Amino acid sequence: MSEIGIFDVIGPNMIGPSSSHTAGALRIARLAAQMLPEIPVKVRFTLYGSFARTYKGHGTDRALLAGILGLHSDDRRLPDSFQLARQKGLDYAFIPDARTTVEHPNTVDIELTGAGGRTLTVRGQSLGGGRAVITSVNGVAVEFSGNYNTLIINNIDQPGVVADITTALSKARVNIAFMKLYRERRGSLAYTFIETDELIPETVASYLKELTAVRSAVIVPALDQPQDVIPGQEPLKAEREDQPSFETLDFNSAAELQQLCQQRQLSLAEVMLQREMALTGLTAQQIRHKMQTAWHIMVQSAQMAISQPRRSMGGLIGGEASALMQHLRQTASQGSPAFLGQTSGRAAAYAMGVLEINASMGLIVAAPTAGASGIVPGVLLAVAEQAHYSEAQMIEALLAAAAVGLLCTANGSVAGAEGGCQAETGTAAAMAASAVVYLAGGQAEQSLNAAATALQNVLGLVCDPIGGLVELPCQKRNAIGAVNALLCAELALAGIAEVIPLDDMILTARQVGASLPASLRETALGGTAQTAAARSLLQQHE
């Protein structure tokens, strides 16, 4: 599964409401701005597909501007990006184009003009879960994600240029991880993308700019830099052994993952920790620190809406999580039955709470997306309260959950615009179910079986947000996803067999998602979004 890592599915830490339409859009714009060798003074955004239809309700416009301004996805100033842009004198415009057919529904073209008159046009795609890729630069097809420190060179395609570039990097003692060359035709302008393990000295770019065949050379630092380390807990087995290579730890299917656990006698969490260390070069402490930060944000977002209810951007939700928790507490104090049970009920309430924070442009963790961000924290927080699990155990559970998220991201889809709600809340429920089984001491096979059942239970679930907002029915589907996860974990722990393996379910969900009409994939053109009551509700909140 190559470059997909843990924090691509437990993350990003972000301002809501949509991981693909907010965090992913910001990432595209931030990369575009960094590729322009001047300060941007003018920008035009042309939005296609799902972007074009829902960009206002999902905060895509604010996120794109925030990216041009250099903000990160978790910057609390993101909702104020219009004001920030005006303060900086940035000329901007948004042009929705829902008619032009594009390869991916979350596509944007960004035309930039710099202070010195230089121009740049890039096309980007938001892939779901905050991941994004630049697919063209000034009309030349490329593939650039920003995961590595990258040197981007615009040069004339002629002999000797590549040798000059690599020699400069070698003299600076910079190790090349990947080198990609793109051109329209022989002898024309070309782009050379060099991704490196180390930070690239500015002197390298300065030297290359002096070469006659080089038009420009820009350094784009990796968007996700390592966190500072903190004292760690007792190391897992994975941390105590010599670190194996990434190739021996990578897997392409749930079957391969299960075999890896058996052969190395490692748990899901241990395999994921070793894999992330090999993939990124981060230490175990750095990985734990990043996961600890994510867990803290999850807990805060789940609890905040319970104690301090907030209205959403669209005004469709606010206060529901607090009301459910109050009901559960009241039934418990009165000795009355909570038909759902306290743990499941609290998981549902916490999941709804996270969606409330997300929909009001608060800080959340996409897991794997913002639209499904309530399920994993809701389930794990409720289970931790019931069984008194430690924070260290929660971090391990999130590592285990990431294994399932990784599989769904690589082999299926986690974007509602591609696969419907089953891709988002289905994946999140599968992740949460596997994490609960892990916490309960279940084997890797049981965790993966629980995930398969959770995904199976919501197969075909459409994405039909009212008004294109990540509010209704999203909030209640997160509540249902939390309960689904707990039920599936219980089934797996009881030894009830799952005859359809996770690999088959991921493939099937992908096929089913692709068969859904566009009206049922995040565009708000069908399903619940087009009911008479939904249209009336939107009119009331205009």
# chains A, B, ... in the order shown; residues from 1 in each chain; ligands from 1

call {"tool": "residues_around", "arguments": {"residues": "Arg535 of chain A", "least_positions_apart": "2", "cutoff": "12 Å", "atoms": "only C-alpha atoms", "output": "list in words"}}
result
Leu316, Pro465, Ile466, Gly467, Gly468, Ala524, Leu525, Gly526, Gly527, Thr528, Ala529, Gln530, Thr531, Ala532, Ala533, Leu537, Leu538, Gln539, Gln540, His541 and Glu542 of chain A

call {"tool": "residues_around", "arguments": {"residues": "segment 390-396 of chain A", "least_positions_apart": "2", "cutoff": "10 Å", "atoms": "only C-alpha atoms", "output": "PyMOL selection string"}}
result
chain A and resi 232-234+236+267-270+272-273+287-296+377+380-381+383-385+387-388+398-402+435-436+438-439

call {"tool": "write_last_selection", "arguments": {"atoms": "C-alpha atoms", "output": "PDB file, in the first residue's frame"}}
result
ATOM      1  CA  GLY A 232       6.978   7.151  26.103  1.00  0.00           C
ATOM      2  CA  GLN A 233       5.214   4.328  27.845  1.00  0.00           C
ATOM      3  CA  GLU A 234       6.541   0.788  28.201  1.00  0.00           C
ATOM      4  CA  LEU A 236       5.632  -2.616  22.615  1.00  0.00           C
ATOM      5  CA  SER A 267      -0.558  -7.773  17.340  1.00  0.00           C
ATOM      6  CA  LEU A 268      -2.278  -5.422  14.895  1.00  0.00           C
ATOM      7  CA  ALA A 269      -0.985  -2.441  16.867  1.00  0.00           C
ATOM      8  CA  GLU A 270       2.565  -3.755  16.833  1.00  0.00           C
ATOM      9  CA  MET A 272       1.176  -0.923  12.435  1.00  0.00           C
ATOM     10  CA  LEU A 273       3.747   0.709  14.689  1.00  0.00           C
ATOM     11  CA  ILE A 287       4.387   8.169  16.506  1.00  0.00           C
ATOM     12  CA  ARG A 288       2.930   7.750  19.989  1.00  0.00           C
ATOM     13  CA  HIS A 289       3.066  11.493  20.537  1.00  0.00           C
ATOM     14  CA  LYS A 290       1.180  12.193  17.319  1.00  0.00           C
ATOM     15  CA  MET A 291      -1.425   9.580  18.241  1.00  0.00           C
ATOM     16  CA  GLN A 292      -1.684  10.960  21.767  1.00  0.00           C
ATOM     17  CA  THR A 293      -2.377  14.407  20.316  1.00  0.00           C
ATOM     18  CA  ALA A 294      -5.072  12.922  18.073  1.00  0.00           C
ATOM     19  CA  TRP A 295      -6.655  11.102  21.028  1.00  0.00           C
ATOM     20  CA  HIS A 296      -6.740  14.277  23.126  1.00  0.00           C
ATOM     21  CA  PRO A 377     -13.796   8.484  19.347  1.00  0.00           C
ATOM     22  CA  LEU A 380     -13.444   4.214  22.292  1.00  0.00           C
ATOM     23  CA  LEU A 381     -14.306   6.891  24.847  1.00  0.00           C
ATOM     24  CA  VAL A 383     -15.567   1.738  26.205  1.00  0.00           C
ATOM     25  CA  ALA A 384     -12.691   3.390  28.089  1.00  0.00           C
ATOM     26  CA  GLU A 385     -15.129   4.825  30.630  1.00  0.00           C
ATOM     27  CA  ALA A 387     -13.697  -0.729  31.349  1.00  0.00           C
ATOM     28  CA  HIS A 388     -11.243   1.899  32.707  1.00  0.00           C
ATOM     29  CA  LEU A 398      -6.091   3.556  17.516  1.00  0.00           C
ATOM     30  CA  LEU A 399      -3.067   1.865  15.940  1.00  0.00           C
ATOM     31  CA  ALA A 400      -5.167  -1.283  15.512  1.00  0.00           C
ATOM     32  CA  ALA A 401      -8.062   0.734  14.059  1.00  0.00           C
ATOM     33  CA  ALA A 402      -5.662   2.305  11.563  1.00  0.00           C
ATOM     34  CA  ALA A 435     -10.225  -1.534  17.934  1.00  0.00           C
ATOM     35  CA  VAL A 436     -12.721  -2.771  20.530  1.00  0.00           C
ATOM     36  CA  TYR A 438      -8.192  -5.516  20.168  1.00  0.00           C
ATOM     37  CA  LEU A 439      -8.829  -3.879  23.554  1.00  0.00           C
TER      38      LEU A 439
END

call {"tool": "closest_residue", "arguments": {"among": "A:Ala440, A:Ala254, A:Val9, A:Ile375", "to": "Pro501 of chain A", "atoms": "only C-alpha atoms"}}
result
A:Ala254

call {"tool": "residues_around", "arguments": {"residues": "Leu516 of chain A", "least_positions_apart": "6", "cutoff": "10 Å", "atoms": "only C-alpha atoms", "output": "ChimeraX atom specification"}}
result
/A:418-420,460-463

call {"tool": "residues_around", "arguments": {"residues": "Leu47 of chain A", "least_positions_apart": "5", "cutoff": "9 Å", "atoms": "only C-alpha atoms", "output": "mmCIF file with C-alpha atoms, in the first residue's frame"}}
result
data_model
loop_
_atom_site.group_PDB
_atom_site.id
_atom_site.type_symbol
_atom_site.label_atom_id
_atom_site.label_comp_id
_atom_site.auth_asym_id
_atom_site.auth_seq_id
_atom_site.Cartn_x
_atom_site.Cartn_y
_atom_site.Cartn_z
ATOM 1 C CA ALA A 52 -18.893 22.706 -7.349
ATOM 2 C CA ARG A 53 -22.197 21.640 -5.817
ATOM 3 C CA TYR A 55 -18.420 24.111 -1.686
ATOM 4 C CA PHE A 94 -14.600 31.039 -6.979
ATOM 5 C CA ILE A 95 -16.055 29.640 -10.199
ATOM 6 C CA PRO A 96 -18.284 26.564 -9.789
ATOM 7 C CA ASP A 97 -18.474 24.338 -12.877
ATOM 8 C CA ALA A 98 -20.772 21.368 -12.284
ATOM 9 C CA ASN A 106 -13.483 16.455 -5.837
ATOM 10 C CA THR A 107 -11.433 18.401 -8.385
ATOM 11 C CA VAL A 108 -10.273 22.030 -8.418
ATOM 12 C CA ASP A 109 -8.184 24.123 -10.807
ATOM 13 C CA ILE A 110 -6.173 26.888 -9.129
#

call {"tool": "select_by_dssp", "arguments": {"residues": "segment 322-488 of chain A", "states": "helix (DSSP H, G or I)", "output": "PyMOL selection string"}}
result
chain A and resi 322-334+342-359+375-387+391-411+416-419+421-439+444-457+466-468+474-488

call {"tool": "closest_residue", "arguments": {"among": "A:Val220, A:Leu189, A:Leu181, A:Leu279", "to": "Leu249 of chain A", "atoms": "only C-alpha atoms"}}
result
A:Leu279

call {"tool": "residues_around", "arguments": {"residues": "Ala485 of chain A", "least_positions_apart": "2", "cutoff": "8 Å", "atoms": "only C-alpha atoms", "output": "ChimeraX atom specification"}}
result
/A:379,429-430,432-433,450-451,454,481-483,487-489

call {"tool": "decode", "arguments": {"residues": "segment 270-317 of chain A", "atoms": "N, CA and C atoms", "output": "tab-separated table (two decimals), in the first residue's frame"}}
result
chain	number	residue	atom	x	y	z
A	270	GLU	N	1.12	-3.62	16.97
A	270	GLU	CA	2.56	-3.76	16.83
A	270	GLU	C	3.00	-3.75	15.37
A	271	VAL	N	2.24	-4.41	14.53
A	271	VAL	CA	2.55	-4.39	13.10
A	271	VAL	C	2.45	-2.97	12.55
A	272	MET	N	1.38	-2.28	12.94
A	272	MET	CA	1.18	-0.92	12.43
A	272	MET	C	2.25	0.03	12.93
A	273	LEU	N	2.69	-0.14	14.15
A	273	LEU	CA	3.75	0.71	14.69
A	273	LEU	C	5.05	0.49	13.93
A	274	GLN	N	5.42	-0.78	13.74
A	274	GLN	CA	6.65	-1.08	13.00
A	274	GLN	C	6.57	-0.55	11.57
A	275	ARG	N	5.43	-0.75	10.94
A	275	ARG	CA	5.26	-0.31	9.55
A	275	ARG	C	5.42	1.20	9.45
A	276	GLU	N	4.80	1.94	10.38
A	276	GLU	CA	4.88	3.40	10.35
A	276	GLU	C	6.31	3.89	10.58
A	277	MET	N	7.02	3.22	11.47
A	277	MET	CA	8.42	3.57	11.71
A	277	MET	C	9.25	3.38	10.45
A	278	ALA	N	9.03	2.27	9.76
A	278	ALA	CA	9.78	1.99	8.53
A	278	ALA	C	9.38	2.93	7.40
A	279	LEU	N	8.10	3.28	7.34
A	279	LEU	CA	7.59	4.14	6.26
A	279	LEU	C	8.08	5.57	6.40
A	280	THR	N	8.03	6.10	7.62
A	280	THR	CA	8.27	7.53	7.82
A	280	THR	C	9.63	7.88	8.40
A	281	GLY	N	10.28	6.90	9.04
A	281	GLY	CA	11.53	7.20	9.73
A	281	GLY	C	11.31	7.81	11.09
A	282	LEU	N	10.06	7.96	11.50
A	282	LEU	CA	9.75	8.47	12.84
A	282	LEU	C	10.10	7.42	13.90
A	283	THR	N	10.40	7.87	15.09
A	283	THR	CA	10.62	6.95	16.19
A	283	THR	C	9.28	6.52	16.76
A	284	ALA	N	9.31	5.47	17.57
A	284	ALA	CA	8.08	5.02	18.23
A	284	ALA	C	7.51	6.13	19.11
A	285	GLN	N	8.38	6.88	19.78
A	285	GLN	CA	7.91	7.96	20.64
A	285	GLN	C	7.22	9.05	19.84
A	286	GLN	N	7.77	9.39	18.68
A	286	GLN	CA	7.15	10.41	17.84
A	286	GLN	C	5.77	9.95	17.36
A	287	ILE	N	5.67	8.70	16.97
A	287	ILE	CA	4.39	8.17	16.51
A	287	ILE	C	3.38	8.18	17.64
A	288	ARG	N	3.81	7.74	18.82
A	288	ARG	CA	2.93	7.75	19.99
A	288	ARG	C	2.48	9.17	20.33
A	289	HIS	N	3.40	10.11	20.22
A	289	HIS	CA	3.07	11.49	20.54
A	289	HIS	C	2.00	12.03	19.58
A	290	LYS	N	2.18	11.76	18.30
A	290	LYS	CA	1.18	12.19	17.32
A	290	LYS	C	-0.17	11.54	17.59
A	291	MET	N	-0.17	10.26	17.95
A	291	MET	CA	-1.42	9.58	18.24
A	291	MET	C	-2.04	10.09	19.55
A	292	GLN	N	-1.18	10.40	20.51
A	292	GLN	CA	-1.68	10.96	21.77
A	292	GLN	C	-2.37	12.30	21.51
A	293	THR	N	-1.77	13.13	20.67
A	293	THR	CA	-2.38	14.41	20.32
A	293	THR	C	-3.74	14.20	19.66
A	294	ALA	N	-3.81	13.23	18.74
A	294	ALA	CA	-5.07	12.92	18.07
A	294	ALA	C	-6.12	12.46	19.08
A	295	TRP	N	-5.72	11.61	20.03
A	295	TRP	CA	-6.65	11.10	21.03
A	295	TRP	C	-7.17	12.24	21.91
A	296	HIS	N	-6.31	13.15	22.30
A	296	HIS	CA	-6.74	14.28	23.13
A	296	HIS	C	-7.78	15.12	22.39
A	297	ILE	N	-7.55	15.37	21.09
A	297	ILE	CA	-8.52	16.14	20.31
A	297	ILE	C	-9.84	15.37	20.19
A	298	MET	N	-9.75	14.06	20.00
A	298	MET	CA	-10.96	13.23	19.93
A	298	MET	C	-11.79	13.35	21.20
A	299	VAL	N	-11.14	13.22	22.33
A	299	VAL	CA	-11.85	13.29	23.62
A	299	VAL	C	-12.48	14.66	23.81
A	300	GLN	N	-11.72	15.70	23.52
A	300	GLN	CA	-12.24	17.06	23.69
A	300	GLN	C	-13.45	17.32	22.80
A	301	SER	N	-13.37	16.88	21.55
A	301	SER	CA	-14.47	17.13	20.62
A	301	SER	C	-15.70	16.32	21.01
A	302	ALA	N	-15.51	15.12	21.57
A	302	ALA	CA	-16.64	14.30	21.99
A	302	ALA	C	-17.33	14.88	23.22
A	303	GLN	N	-16.54	15.39	24.14
A	303	GLN	CA	-17.10	15.88	25.41
A	303	GLN	C	-17.62	17.31	25.34
A	304	MET	N	-17.04	18.11	24.45
A	304	MET	CA	-17.38	19.53	24.41
A	304	MET	C	-18.85	19.77	24.11
A	305	ALA	N	-19.37	19.04	23.13
A	305	ALA	CA	-20.77	19.26	22.74
A	305	ALA	C	-21.74	18.77	23.82
A	306	ILE	N	-21.28	17.88	24.69
A	306	ILE	CA	-22.15	17.41	25.79
A	306	ILE	C	-22.33	18.51	26.82
A	307	SER	N	-21.23	19.20	27.15
A	307	SER	CA	-21.29	20.24	28.18
A	307	SER	C	-21.60	21.62	27.61
A	308	GLN	N	-21.23	21.84	26.34
A	308	GLN	CA	-21.44	23.15	25.72
A	308	GLN	C	-22.02	22.97	24.32
A	309	PRO	N	-23.30	22.69	24.20
A	309	PRO	CA	-23.91	22.48	22.88
A	309	PRO	C	-23.70	23.68	21.97
A	310	ARG	N	-23.48	23.37	20.67
A	310	ARG	CA	-23.21	24.42	19.69
A	310	ARG	C	-24.09	24.22	18.46
A	311	ARG	N	-24.56	25.32	17.88
A	311	ARG	CA	-25.30	25.23	16.64
A	311	ARG	C	-24.33	25.06	15.48
A	312	SER	N	-24.74	24.30	14.50
A	312	SER	CA	-23.91	24.03	13.33
A	312	SER	C	-23.93	25.21	12.37
A	313	MET	N	-23.04	25.17	11.38
A	313	MET	CA	-22.98	26.24	10.38
A	313	MET	C	-24.32	26.44	9.69
A	314	GLY	N	-24.95	25.34	9.33
A	314	GLY	CA	-26.23	25.43	8.64
A	314	GLY	C	-27.42	25.54	9.55
A	315	GLY	N	-27.20	25.41	10.83
A	315	GLY	CA	-28.29	25.52	11.80
A	315	GLY	C	-29.18	24.31	11.91
A	316	LEU	N	-28.80	23.18	11.28
A	316	LEU	CA	-29.67	22.01	11.28
A	316	LEU	C	-29.50	21.15	12.52
A	317	ILE	N	-28.35	21.22	13.18
A	317	ILE	CA	-28.13	20.42	14.38
A	317	ILE	C	-27.50	21.29	15.47
